[in-house]
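*Asks:* Let me begin by handing over the structure; questions about it come next.
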Amino acid sequence: MENQSLSICAIVITFNRANLLLKCLNSIKCQTLLPKEIIIVDNHSNDGTRDLLNQNGFIDNSPISNNEFGECYCKEYLNNNNRSIKITYLYKKINDGGAGGFYAGMKLAYEMGYEWIWMMDDDGKPKATELEELYKAAIKNNLYYINALVVNENNPTELAFDLSVKLGRCVDNYLDREVYYDSINPFNGTFINKNVIEKIGFIKKELFIWGDETEYTMRAKFNGFVIGTVCSAIHFHPAKHPEFYDIIPFVKWKKCAFHKPIYYRNYGYIYWKYRKSSFFKSLLLYTIAFGLRFQFKKLYNFYRYTLKGVNEDWTPINMTR
């Protein structure tokens, strides 16, 4: 696509994954449709990310400004075809999770006046045509909130995440349609128009991790925006490993002790706000599941974390197994 003047900003969130970030940026700079700018939001990495970006020509040594989030480094970067991309590297004062990172990136891009933002984590790699396919599908179908098809980087015949129960994870099952509606794997090649931000605001940074992308997508749908996956836009990503185990069928408990309190707090907030009927059903199922096993401490913690979300209590949580 020849038009390189489109008002598109890519946002990449990173934390202590310098080499993965570099692969992601190298994929972005080779797009057939270049974004005008890449905003790299670094959640206070300490693994040499800033030095690696400098060594590879993405940023210069010294910050040029400070803002509410941290230090900003800016540079006009020329890719291999001598096409210019502005790079803004934000080194944040604190690590406030993926939600805080996307909040900062989205806010900066919106305040800069961009029409579109294209969002991803550092461990994803967009195929060279991804942004072009997203843009074409958005314009053709009048869509403001769409996503790439997220494919397992180690096995391109399957998806990295679940998308449709009916179609499963086989990539071929999706390629006969332009857009798979009503389901996406958000913040992995997500393409959002500024009209969405103007209507529903920014990412809810208080969620920290686990669920911020789900909440924002549900908020968009709740406010009437049609979402969909553009099946020709491919975003490579590591496959998702099982994060839960079944207590009883349809009732899952998160494996990671550190993330568990945050996950169930955010679960409570999201389900209470958008799916009240499912919320009460899940409370009943968890009560039965833990009660039958006499696991009353786990049941107590589930209620404690979940009710924090219901009450929008964002105070720090003691991490209890």
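Identifiers for the structure tokens are assigned positionally: chains receive A, B, ... in sequence, residues are indexed from 1 per chain, and ligands are indexed from 1 in the order shown.
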As a ChimeraX atom specification, list the residues of stretch 32-93 of chain A assigned to strand (DSSP E) by DSSP on the backbone atoms of this structure.

*Replies:* /A:37-42,65-66,70-78,84-92

*Asks:* Could you turn the residues from that selection into a file that holds C-alpha atoms, as a JSON list (two decimals), in the first residue's frame?

*Replies:*
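This went into again_33.json:
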[["chain", "number", "residue", "atom", "x", "y", "z"],
["A", 37, "GLU", "CA", 4.70, 6.19, 15.01],
["A", 38, "ILE", "CA", 5.59, 3.39, 17.41],
["A", 39, "ILE", "CA", 5.10, 4.08, 21.11],
["A", 40, "ILE", "CA", 7.10, 1.61, 23.21],
["A", 41, "VAL", "CA", 5.88, 1.60, 26.80],
["A", 42, "ASP", "CA", 8.47, 0.08, 29.13],
["A", 65, "SER", "CA", 11.17, 15.08, 27.94],
["A", 66, "ASN", "CA", 9.31, 13.84, 30.99],
["A", 70, "GLY", "CA", 8.15, 8.75, 33.06],
["A", 71, "GLU", "CA", 10.99, 9.60, 30.68],
["A", 72, "CYS", "CA", 10.38, 9.92, 26.94],
["A", 73, "TYR", "CA", 12.95, 9.22, 24.25],
["A", 74, "CYS", "CA", 12.00, 10.18, 20.68],
["A", 75, "LYS", "CA", 13.68, 9.58, 17.33],
["A", 76, "GLU", "CA", 12.90, 9.50, 13.62],
["A", 77, "TYR", "CA", 13.86, 5.97, 12.57],
["A", 78, "LEU", "CA", 14.53, 4.88, 8.99],
["A", 84, "SER", "CA", 10.57, 7.02, 8.25],
["A", 85, "ILE", "CA", 8.83, 5.96, 11.48],
["A", 86, "LYS", "CA", 8.76, 8.07, 14.62],
["A", 87, "ILE", "CA", 9.81, 6.09, 17.69],
["A", 88, "THR", "CA", 8.69, 7.18, 21.15],
["A", 89, "TYR", "CA", 10.12, 5.15, 24.01],
["A", 90, "LEU", "CA", 8.46, 5.75, 27.38],
["A", 91, "TYR", "CA", 10.43, 4.45, 30.33],
["A", 92, "LYS", "CA", 7.91, 4.45, 33.15]]

*Asks:* Env of A:Leu283: 10 Å cut, atoms = only C-alpha atoms, seq-sep filter 3 positions within chain, self excluded. Answer as a list in words.

*Replies:*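 Residues meeting the cut-off are Val251, Gly268, Ser278, Phe279, Phe280, Tyr286, Thr287, Ile288, Ala289, Leu299, Phe302, Tyr303 and Thr306 of chain A.
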
*Asks:* Using only C-alpha atoms, pick whichever of A:Leu207, A:Leu159, A:Ile139, A:Met120 has the shortest atom-to-atom distance to A:Phe187.

*Replies:*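 Using only C-alpha atoms, the shortest distance to A:Phe187 belongs to A:Met120.
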
*Asks:* DSSP on the backbone: which residues in stretch 94-275 of chain A end up as alpha helix (DSSP H)? Give the answer as a ChimeraX atom specification.

*Replies:* /A:97-111,130-141,194-200,212-222,260-274

*Asks:* Here is a test: counting only C-alpha atoms, which residue of A:His259, A:Lys298, A:His235, A:Lys23 is nearest to A:Asn147?

*Replies:*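 Residue with the minimum atom-to-atom distance to A:Asn147: A:His235.
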
*Asks:* I want to know what sits within 12 Å of A:Val230, based on only C-alpha atoms, with residues of the same chain fewer than 2 positions away left out; could you give that as a ChimeraX atom specification?

*Replies:* /A:129-138,140-141,143,145-150,174-185,189-191,227-228,232-235

*Asks:* Selection from above, C-alpha atoms, as a tab-separated table (two decimals), in the first residue's frame, can you write it?

*Replies:*
chain	number	residue	atom	x	y	z
A	129	THR	CA	0.79	-7.55	5.88
A	130	GLU	CA	-1.06	-7.49	9.22
A	131	LEU	CA	-1.58	-3.75	9.58
A	132	GLU	CA	-2.58	-3.33	5.94
A	133	GLU	CA	-5.16	-6.11	6.23
A	134	LEU	CA	-6.56	-4.64	9.44
A	135	TYR	CA	-6.86	-1.18	7.94
A	136	LYS	CA	-8.51	-2.38	4.74
A	137	ALA	CA	-11.03	-4.52	6.64
A	138	ALA	CA	-11.84	-1.68	9.04
A	140	LYS	CA	-14.44	-1.66	4.05
A	141	ASN	CA	-16.72	-2.91	6.85
A	143	LEU	CA	-15.43	-1.37	11.96
A	145	TYR	CA	-12.58	-2.36	17.03
A	146	ILE	CA	-10.97	-5.34	15.34
A	147	ASN	CA	-8.15	-7.80	15.90
A	148	ALA	CA	-5.69	-9.90	13.98
A	149	LEU	CA	-5.95	-13.69	13.92
A	150	VAL	CA	-3.49	-14.79	16.61
A	174	TYR	CA	-11.09	-19.33	9.68
A	175	LEU	CA	-9.53	-18.51	6.33
A	176	ASP	CA	-12.71	-18.79	4.26
A	177	ARG	CA	-14.17	-15.63	5.80
A	178	GLU	CA	-13.04	-12.03	5.89
A	179	VAL	CA	-14.10	-11.25	9.46
A	180	TYR	CA	-15.02	-13.62	12.27
A	181	TYR	CA	-17.44	-11.50	14.26
A	182	ASP	CA	-18.03	-11.15	17.99
A	183	SER	CA	-14.83	-12.82	19.18
A	184	ILE	CA	-11.23	-11.60	19.37
A	185	ASN	CA	-7.99	-12.22	21.29
A	189	GLY	CA	-2.69	-6.96	17.13
A	190	THR	CA	-5.78	-5.00	18.18
A	191	PHE	CA	-6.80	-2.11	15.90
A	227	ILE	CA	-15.90	-6.41	17.26
A	228	GLY	CA	-14.33	-9.00	15.01
A	232	SER	CA	-6.25	-12.42	6.76
A	233	ALA	CA	-4.36	-10.35	9.35
A	234	ILE	CA	-1.93	-12.74	11.04
A	235	HIS	CA	-0.29	-12.06	14.40
